[in-house]
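J.: Just so it is clear, I am handing over my_file19.json, which has JSON, N, CA and C atoms.
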[["chain", "number", "residue", "atom", "x", "y", "z"],
["A", 1, "MET", "N", -31.82, -33.94, 154.15],
["A", 1, "MET", "CA", -31.56, -33.56, 152.77],
["A", 1, "MET", "C", -32.91, -33.41, 152.07],
["A", 2, "ASN", "N", -33.02, -32.43, 151.24],
["A", 2, "ASN", "CA", -34.21, -32.17, 150.44],
["A", 2, "ASN", "C", -34.56, -33.42, 149.63],
["A", 3, "GLU", "N", -35.80, -33.90, 149.72],
["A", 3, "GLU", "CA", -36.21, -35.13, 149.02],
["A", 3, "GLU", "C", -36.05, -35.02, 147.51],
["A", 4, "TYR", "N", -36.37, -33.87, 146.93],
["A", 4, "TYR", "CA", -36.21, -33.68, 145.48],
["A", 4, "TYR", "C", -34.74, -33.82, 145.09],
["A", 5, "PHE", "N", -33.86, -33.17, 145.85],
["A", 5, "PHE", "CA", -32.43, -33.23, 145.58],
["A", 5, "PHE", "C", -31.92, -34.66, 145.70],
["A", 6, "LYS", "N", -32.38, -35.36, 146.75],
["A", 6, "LYS", "CA", -31.95, -36.74, 146.96],
["A", 6, "LYS", "C", -32.40, -37.62, 145.79],
["A", 7, "THR", "N", -33.62, -37.46, 145.34],
["A", 7, "THR", "CA", -34.13, -38.24, 144.21],
["A", 7, "THR", "C", -33.32, -37.97, 142.96],
["A", 8, "GLN", "N", -33.01, -36.71, 142.69],
["A", 8, "GLN", "CA", -32.22, -36.34, 141.52],
["A", 8, "GLN", "C", -30.81, -36.94, 141.59],
["A", 9, "MET", "N", -30.19, -36.89, 142.74],
["A", 9, "MET", "CA", -28.85, -37.44, 142.91],
["A", 9, "MET", "C", -28.86, -38.96, 142.72],
["A", 10, "MET", "N", -29.85, -39.62, 143.27],
["A", 10, "MET", "CA", -29.93, -41.08, 143.16],
["A", 10, "MET", "C", -30.22, -41.51, 141.73],
["A", 11, "ALA", "N", -30.94, -40.68, 140.98],
["A", 11, "ALA", "CA", -31.22, -41.00, 139.58],
["A", 11, "ALA", "C", -29.97, -40.83, 138.72],
["A", 12, "LYS", "N", -29.15, -39.85, 139.05],
["A", 12, "LYS", "CA", -27.97, -39.55, 138.25],
["A", 12, "LYS", "C", -26.76, -40.41, 138.62],
["A", 13, "PHE", "N", -26.60, -40.70, 139.92],
["A", 13, "PHE", "CA", -25.44, -41.44, 140.41],
["A", 13, "PHE", "C", -25.88, -42.73, 141.08],
["A", 14, "GLU", "N", -25.06, -43.75, 140.97],
["A", 14, "GLU", "CA", -25.33, -45.00, 141.66],
["A", 14, "GLU", "C", -24.99, -44.80, 143.13],
["A", 15, "MET", "N", -26.00, -44.78, 143.96],
["A", 15, "MET", "CA", -25.77, -44.54, 145.38],
["A", 15, "MET", "C", -26.89, -45.11, 146.21],
["A", 16, "LYS", "N", -26.63, -45.28, 147.49],
["A", 16, "LYS", "CA", -27.62, -45.76, 148.43],
["A", 16, "LYS", "C", -27.82, -44.69, 149.49],
["A", 17, "ASP", "N", -29.02, -44.63, 150.01],
["A", 17, "ASP", "CA", -29.29, -43.72, 151.12],
["A", 17, "ASP", "C", -29.04, -44.48, 152.41],
["A", 18, "LEU", "N", -27.94, -44.17, 153.08],
["A", 18, "LEU", "CA", -27.58, -44.85, 154.32],
["A", 18, "LEU", "C", -27.94, -44.01, 155.54],
["A", 19, "SER", "N", -28.82, -43.05, 155.36],
["A", 19, "SER", "CA", -29.27, -42.16, 156.43],
["A", 19, "SER", "C", -28.18, -41.12, 156.73],
["A", 20, "LEU", "N", -28.25, -40.52, 157.91],
["A", 20, "LEU", "CA", -27.29, -39.47, 158.26],
["A", 20, "LEU", "C", -25.92, -40.07, 158.54],
["A", 21, "ILE", "N", -24.88, -39.38, 158.13],
["A", 21, "ILE", "CA", -23.52, -39.81, 158.37],
["A", 21, "ILE", "C", -23.16, -39.51, 159.82],
["A", 22, "SER", "N", -22.40, -40.41, 160.46],
["A", 22, "SER", "CA", -21.98, -40.15, 161.83],
["A", 22, "SER", "C", -20.46, -40.26, 161.98],
["A", 23, "TYR", "N", -19.82, -41.05, 161.13],
["A", 23, "TYR", "CA", -18.38, -41.23, 161.22],
["A", 23, "TYR", "C", -17.85, -41.45, 159.82],
["A", 24, "PHE", "N", -16.85, -40.66, 159.40],
["A", 24, "PHE", "CA", -16.33, -40.76, 158.04],
["A", 24, "PHE", "C", -14.86, -40.37, 158.03],
["A", 25, "LEU", "N", -14.01, -41.27, 157.54],
["A", 25, "LEU", "CA", -12.57, -41.03, 157.41],
["A", 25, "LEU", "C", -11.94, -40.49, 158.70],
["A", 26, "GLY", "N", -12.31, -41.07, 159.82],
["A", 26, "GLY", "CA", -11.74, -40.66, 161.09],
["A", 26, "GLY", "C", -12.36, -39.42, 161.69],
["A", 27, "LEU", "N", -13.39, -38.88, 161.06],
["A", 27, "LEU", "CA", -14.06, -37.69, 161.56],
["A", 27, "LEU", "C", -15.44, -38.05, 162.09],
["A", 28, "GLU", "N", -15.79, -37.51, 163.24],
["A", 28, "GLU", "CA", -17.14, -37.65, 163.75],
["A", 28, "GLU", "C", -17.97, -36.51, 163.18],
["A", 29, "VAL", "N", -19.12, -36.84, 162.65],
["A", 29, "VAL", "CA", -19.98, -35.84, 162.04],
["A", 29, "VAL", "C", -21.30, -35.80, 162.80],
["A", 30, "HIS", "N", -21.67, -34.62, 163.28],
["A", 30, "HIS", "CA", -22.94, -34.42, 163.98],
["A", 30, "HIS", "C", -23.77, -33.45, 163.15],
["A", 31, "GLN", "N", -24.93, -33.92, 162.71],
["A", 31, "GLN", "CA", -25.79, -33.09, 161.87],
["A", 31, "GLN", "C", -27.01, -32.64, 162.67],
["A", 32, "MET", "N", -27.23, -31.32, 162.68],
["A", 32, "MET", "CA", -28.39, -30.75, 163.32],
["A", 32, "MET", "C", -29.27, -30.12, 162.23],
["A", 33, "GLN", "N", -30.34, -29.51, 162.64],
["A", 33, "GLN", "CA", -31.28, -28.92, 161.69],
["A", 33, "GLN", "C", -30.61, -27.91, 160.76],
["A", 34, "ASP", "N", -29.79, -27.03, 161.32],
["A", 34, "ASP", "CA", -29.22, -25.96, 160.49],
["A", 34, "ASP", "C", -27.69, -25.90, 160.55],
["A", 35, "GLU", "N", -27.05, -26.96, 161.03],
["A", 35, "GLU", "CA", -25.59, -26.95, 161.07],
["A", 35, "GLU", "C", -25.02, -28.36, 161.08],
["A", 36, "ILE", "N", -23.77, -28.45, 160.72],
["A", 36, "ILE", "CA", -23.03, -29.71, 160.75],
["A", 36, "ILE", "C", -21.74, -29.43, 161.50],
["A", 37, "SER", "N", -21.44, -30.25, 162.49],
["A", 37, "SER", "CA", -20.17, -30.08, 163.20],
["A", 37, "SER", "C", -19.32, -31.33, 162.99],
["A", 38, "VAL", "N", -18.02, -31.12, 162.89],
["A", 38, "VAL", "CA", -17.07, -32.19, 162.65],
["A", 38, "VAL", "C", -16.03, -32.14, 163.76],
["A", 39, "SER", "N", -15.70, -33.31, 164.32],
["A", 39, "SER", "CA", -14.67, -33.35, 165.36],
["A", 39, "SER", "C", -13.84, -34.61, 165.21],
["A", 40, "GLN", "N", -12.74, -34.67, 165.94],
["A", 40, "GLN", "CA", -11.88, -35.84, 165.94],
["A", 40, "GLN", "C", -11.69, -36.37, 167.36],
["A", 41, "SER", "N", -12.69, -36.17, 168.21],
["A", 41, "SER", "CA", -12.53, -36.59, 169.61],
["A", 41, "SER", "C", -12.39, -38.11, 169.74],
["A", 42, "LYS", "N", -13.10, -38.89, 168.93],
["A", 42, "LYS", "CA", -12.95, -40.35, 168.98],
["A", 42, "LYS", "C", -11.53, -40.74, 168.56],
["A", 43, "TYR", "N", -11.02, -40.11, 167.52],
["A", 43, "TYR", "CA", -9.66, -40.38, 167.07],
["A", 43, "TYR", "C", -8.66, -40.06, 168.19],
["A", 44, "ALA", "N", -8.84, -38.94, 168.85],
["A", 44, "ALA", "CA", -7.95, -38.55, 169.94],
["A", 44, "ALA", "C", -8.02, -39.56, 171.08],
["A", 45, "ARG", "N", -9.23, -39.99, 171.46],
["A", 45, "ARG", "CA", -9.36, -40.99, 172.52],
["A", 45, "ARG", "C", -8.68, -42.30, 172.11],
["A", 46, "ASP", "N", -8.86, -42.71, 170.86],
["A", 46, "ASP", "CA", -8.23, -43.94, 170.37],
["A", 46, "ASP", "C", -6.70, -43.85, 170.43],
["A", 47, "MET", "N", -6.15, -42.68, 170.08],
["A", 47, "MET", "CA", -4.69, -42.50, 170.15],
["A", 47, "MET", "C", -4.20, -42.56, 171.58],
["A", 48, "LEU", "N", -4.93, -41.96, 172.51],
["A", 48, "LEU", "CA", -4.54, -42.01, 173.92],
["A", 48, "LEU", "C", -4.55, -43.45, 174.43],
["A", 49, "LYS", "N", -5.57, -44.21, 174.02],
["A", 49, "LYS", "CA", -5.63, -45.62, 174.42],
["A", 49, "LYS", "C", -4.49, -46.41, 173.79],
["A", 50, "ARG", "N", -4.22, -46.15, 172.52],
["A", 50, "ARG", "CA", -3.17, -46.88, 171.80],
["A", 50, "ARG", "C", -1.81, -46.74, 172.49],
["A", 51, "PHE", "N", -1.52, -45.53, 172.95],
["A", 51, "PHE", "CA", -0.24, -45.27, 173.59],
["A", 51, "PHE", "C", -0.31, -45.35, 175.12],
["A", 52, "LYS", "N", -1.44, -45.87, 175.62],
["A", 52, "LYS", "CA", -1.65, -46.11, 177.04],
["A", 52, "LYS", "C", -1.45, -44.85, 177.90],
["A", 53, "ILE", "N", -2.00, -43.74, 177.43],
["A", 53, "ILE", "CA", -1.92, -42.49, 178.20],
["A", 53, "ILE", "C", -3.30, -41.86, 178.34],
["A", 54, "GLU", "N", -4.35, -42.70, 178.34],
["A", 54, "GLU", "CA", -5.70, -42.16, 178.41],
["A", 54, "GLU", "C", -6.02, -41.49, 179.74],
["A", 55, "ASN", "N", -5.21, -41.72, 180.77],
["A", 55, "ASN", "CA", -5.43, -41.09, 182.07],
["A", 55, "ASN", "C", -4.51, -39.90, 182.30],
["A", 56, "CYS", "N", -3.96, -39.34, 181.24],
["A", 56, "CYS", "CA", -3.05, -38.20, 181.39],
["A", 56, "CYS", "C", -3.83, -36.96, 181.84],
["A", 57, "ALA", "N", -3.12, -35.98, 182.34],
["A", 57, "ALA", "CA", -3.74, -34.75, 182.80],
["A", 57, "ALA", "C", -4.33, -33.99, 181.62],
["A", 58, "LEU", "N", -5.52, -33.45, 181.80],
["A", 58, "LEU", "CA", -6.20, -32.71, 180.73],
["A", 58, "LEU", "C", -5.75, -31.25, 180.72],
["A", 59, "VAL", "N", -5.72, -30.68, 179.54],
["A", 59, "VAL", "CA", -5.41, -29.28, 179.35],
["A", 59, "VAL", "C", -6.53, -28.69, 178.52],
["A", 60, "VAL", "N", -7.11, -27.60, 178.99],
["A", 60, "VAL", "CA", -8.22, -26.99, 178.27],
["A", 60, "VAL", "C", -7.77, -26.50, 176.90],
["A", 61, "THR", "N", -6.66, -25.77, 176.87],
["A", 61, "THR", "CA", -6.11, -25.26, 175.62],
["A", 61, "THR", "C", -4.67, -25.70, 175.53],
["A", 62, "PRO", "N", -4.30, -26.46, 174.49],
["A", 62, "PRO", "CA", -2.94, -26.97, 174.41],
["A", 62, "PRO", "C", -1.87, -25.93, 174.06],
["A", 63, "THR", "N", -2.25, -24.71, 173.81],
["A", 63, "THR", "CA", -1.29, -23.64, 173.51],
["A", 63, "THR", "C", -1.50, -22.50, 174.49],
["A", 64, "ALA", "N", -0.53, -21.64, 174.58],
["A", 64, "ALA", "CA", -0.64, -20.48, 175.46],
["A", 64, "ALA", "C", -1.77, -19.57, 174.98],
["A", 65, "HIS", "N", -2.55, -19.07, 175.93],
["A", 65, "HIS", "CA", -3.66, -18.18, 175.59],
["A", 65, "HIS", "C", -3.14, -16.89, 174.97],
["A", 66, "GLY", "N", -3.70, -16.50, 173.86],
["A", 66, "GLY", "CA", -3.31, -15.25, 173.20],
["A", 66, "GLY", "C", -2.04, -15.35, 172.38],
["A", 67, "GLU", "N", -1.50, -16.54, 172.22],
["A", 67, "GLU", "CA", -0.27, -16.73, 171.45],
["A", 67, "GLU", "C", -0.54, -16.45, 169.97],
["A", 68, "HIS", "N", 0.30, -15.65, 169.35],
["A", 68, "HIS", "CA", 0.18, -15.36, 167.94],
["A", 68, "HIS", "C", 1.38, -15.93, 167.21],
["A", 69, "LEU", "N", 1.12, -16.74, 166.20],
["A", 69, "LEU", "CA", 2.19, -17.32, 165.42],
["A", 69, "LEU", "C", 2.51, -16.42, 164.24],
["A", 70, "CYS", "N", 3.79, -16.32, 163.93],
["A", 70, "CYS", "CA", 4.18, -15.50, 162.78],
["A", 70, "CYS", "C", 5.39, -16.16, 162.11],
["A", 71, "LYS", "N", 5.62, -15.77, 160.88],
["A", 71, "LYS", "CA", 6.72, -16.35, 160.11],
["A", 71, "LYS", "C", 8.07, -16.02, 160.74],
["A", 72, "TYR", "N", 8.25, -14.81, 161.21],
["A", 72, "TYR", "CA", 9.52, -14.39, 161.80],
["A", 72, "TYR", "C", 9.29, -14.05, 163.26],
["A", 73, "ASP", "N", 9.92, -14.79, 164.17],
["A", 73, "ASP", "CA", 9.69, -14.59, 165.59],
["A", 73, "ASP", "C", 10.81, -13.81, 166.29],
["A", 74, "GLY", "N", 11.74, -13.23, 165.52],
["A", 74, "GLY", "CA", 12.80, -12.44, 166.11],
["A", 74, "GLY", "C", 14.10, -13.20, 166.32],
["A", 75, "GLU", "N", 14.07, -14.51, 166.26],
["A", 75, "GLU", "CA", 15.27, -15.32, 166.40],
["A", 75, "GLU", "C", 16.07, -15.29, 165.11],
["A", 76, "PRO", "N", 17.42, -15.37, 165.20],
["A", 76, "PRO", "CA", 18.22, -15.41, 163.97],
["A", 76, "PRO", "C", 17.92, -16.68, 163.16],
["A", 77, "LYS", "N", 18.00, -16.54, 161.85],
["A", 77, "LYS", "CA", 17.73, -17.67, 160.98],
["A", 77, "LYS", "C", 18.81, -18.72, 161.11],
["A", 78, "VAL", "N", 18.44, -19.97, 160.89],
["A", 78, "VAL", "CA", 19.38, -21.08, 160.97],
["A", 78, "VAL", "C", 20.20, -21.12, 159.68],
["A", 79, "ASN", "N", 21.50, -21.40, 159.82],
["A", 79, "ASN", "CA", 22.36, -21.55, 158.65],
["A", 79, "ASN", "C", 21.96, -22.81, 157.89],
["A", 80, "LYS", "N", 21.51, -22.68, 156.67],
["A", 80, "LYS", "CA", 21.00, -23.80, 155.89],
["A", 80, "LYS", "C", 22.09, -24.79, 155.49],
["A", 81, "LYS", "N", 23.36, -24.37, 155.57],
["A", 81, "LYS", "CA", 24.46, -25.27, 155.18],
["A", 81, "LYS", "C", 24.67, -26.27, 156.26]]
Please go through the file and, once you have read it, give me the structure as structure tokens.

T.:
Amino acid sequence: MNEYFKTQMMAKFEMKDLSLISYFLGLEVHQMQDEISVSQSKYARDMLKRFKIENCALVVTPTAHGEHLCKYDGEPKVNKK
């Protein structure tokens, strides 16, 4: 973070500089020089462990390749009654 910006923010708001963020609200945050990436891989691993399925078979893509979702898929609408 730009030092001038950090100084201005700290002067205006009560805050501490805790260095770079790595984990926030269940999201893993990886900060590089010119980009920030966010993932939930730790959350996913924790869920697999919680339900004791961490050794399940891996799938590269959990959906069919090239699948397009749309509001109307050609099936008749369900009777709301």

J.: Just asking: which residues within chain A are strand (DSSP E or B) according to DSSP, as an MDAnalysis selection string?

T.: chainID A and resid 23:24 27:31 36:39

J.: Provide the CA of Glu28 (chain A) to CA of Lys6 (chain A) distance in Å, to one decimal place.

T.: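 Pair CA of Glu28 (chain A) / CA of Lys6 (chain A) returns 22.4 Å.
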
J.: Any idea what's packed within 6.5 Å of region 24-26 of chain A, counting only N, CA and C atoms, ignoring anything in its chain fewer than 6 positions away? Could you give it as number ranges by chain?

T.: A: 39-40, 43

J.: Between atom N of Lys80 (chain A) and CA of His68 (chain A), what distance in Å does the model show, to one decimal?

T.: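 It comes out at 25.2 Å.
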
J.: Step by step: locate region 24-39 of chain A in the block above, keep N, CA, C and O atoms, then write the file as a short mmCIF file (atom, residue, chain, number, x, y, z; two decimals), in the first residue's frame.

T.:
data_model
loop_
_atom_site.label_atom_id
_atom_site.label_comp_id
_atom_site.auth_asym_id
_atom_site.auth_seq_id
_atom_site.Cartn_x
_atom_site.Cartn_y
_atom_site.Cartn_z
N PHE A 24 -9.49 -13.82 5.46
CA PHE A 24 -10.51 -12.89 5.92
C PHE A 24 -11.89 -13.44 5.59
O PHE A 24 -12.18 -13.75 4.43
N LEU A 25 -12.74 -13.59 6.60
CA LEU A 25 -14.12 -14.05 6.43
C LEU A 25 -14.21 -15.33 5.59
O LEU A 25 -15.06 -15.46 4.71
N GLY A 26 -13.34 -16.27 5.85
CA GLY A 26 -13.37 -17.54 5.14
C GLY A 26 -12.72 -17.51 3.77
O GLY A 26 -12.74 -18.50 3.05
N LEU A 27 -12.14 -16.39 3.39
CA LEU A 27 -11.49 -16.27 2.09
C LEU A 27 -9.98 -16.19 2.27
O LEU A 27 -9.49 -15.47 3.13
N GLU A 28 -9.26 -16.92 1.45
CA GLU A 28 -7.81 -16.81 1.42
C GLU A 28 -7.46 -15.69 0.45
O GLU A 28 -7.98 -15.65 -0.66
N VAL A 29 -6.60 -14.80 0.88
CA VAL A 29 -6.22 -13.66 0.05
C VAL A 29 -4.72 -13.74 -0.22
O VAL A 29 -3.93 -13.82 0.71
N HIS A 30 -4.34 -13.73 -1.49
CA HIS A 30 -2.94 -13.73 -1.89
C HIS A 30 -2.67 -12.43 -2.64
O HIS A 30 -3.28 -12.16 -3.66
N GLN A 31 -1.74 -11.64 -2.09
CA GLN A 31 -1.44 -10.34 -2.69
C GLN A 31 -0.07 -10.40 -3.36
O GLN A 31 0.92 -10.78 -2.75
N MET A 32 -0.04 -10.03 -4.64
CA MET A 32 1.19 -9.94 -5.39
C MET A 32 1.44 -8.47 -5.73
O MET A 32 0.65 -7.61 -5.37
N GLN A 33 2.50 -8.22 -6.45
CA GLN A 33 2.86 -6.85 -6.80
C GLN A 33 1.73 -6.11 -7.51
O GLN A 33 1.41 -4.99 -7.17
N ASP A 34 1.11 -6.76 -8.49
CA ASP A 34 0.11 -6.05 -9.30
C ASP A 34 -1.25 -6.75 -9.34
O ASP A 34 -2.06 -6.47 -10.20
N GLU A 35 -1.48 -7.69 -8.42
CA GLU A 35 -2.78 -8.36 -8.41
C GLU A 35 -3.10 -8.94 -7.04
O GLU A 35 -2.21 -9.13 -6.20
N ILE A 36 -4.36 -9.19 -6.82
CA ILE A 36 -4.84 -9.83 -5.60
C ILE A 36 -5.72 -10.99 -6.04
O ILE A 36 -6.60 -10.82 -6.87
N SER A 37 -5.47 -12.17 -5.49
CA SER A 37 -6.33 -13.30 -5.82
C SER A 37 -7.02 -13.77 -4.54
O SER A 37 -6.44 -13.72 -3.45
N VAL A 38 -8.25 -14.21 -4.68
CA VAL A 38 -9.06 -14.66 -3.56
C VAL A 38 -9.54 -16.07 -3.88
O VAL A 38 -9.98 -16.36 -4.99
N SER A 39 -9.45 -16.96 -2.88
CA SER A 39 -9.93 -18.32 -3.10
C SER A 39 -10.56 -18.84 -1.82
O SER A 39 -10.44 -18.24 -0.76
#
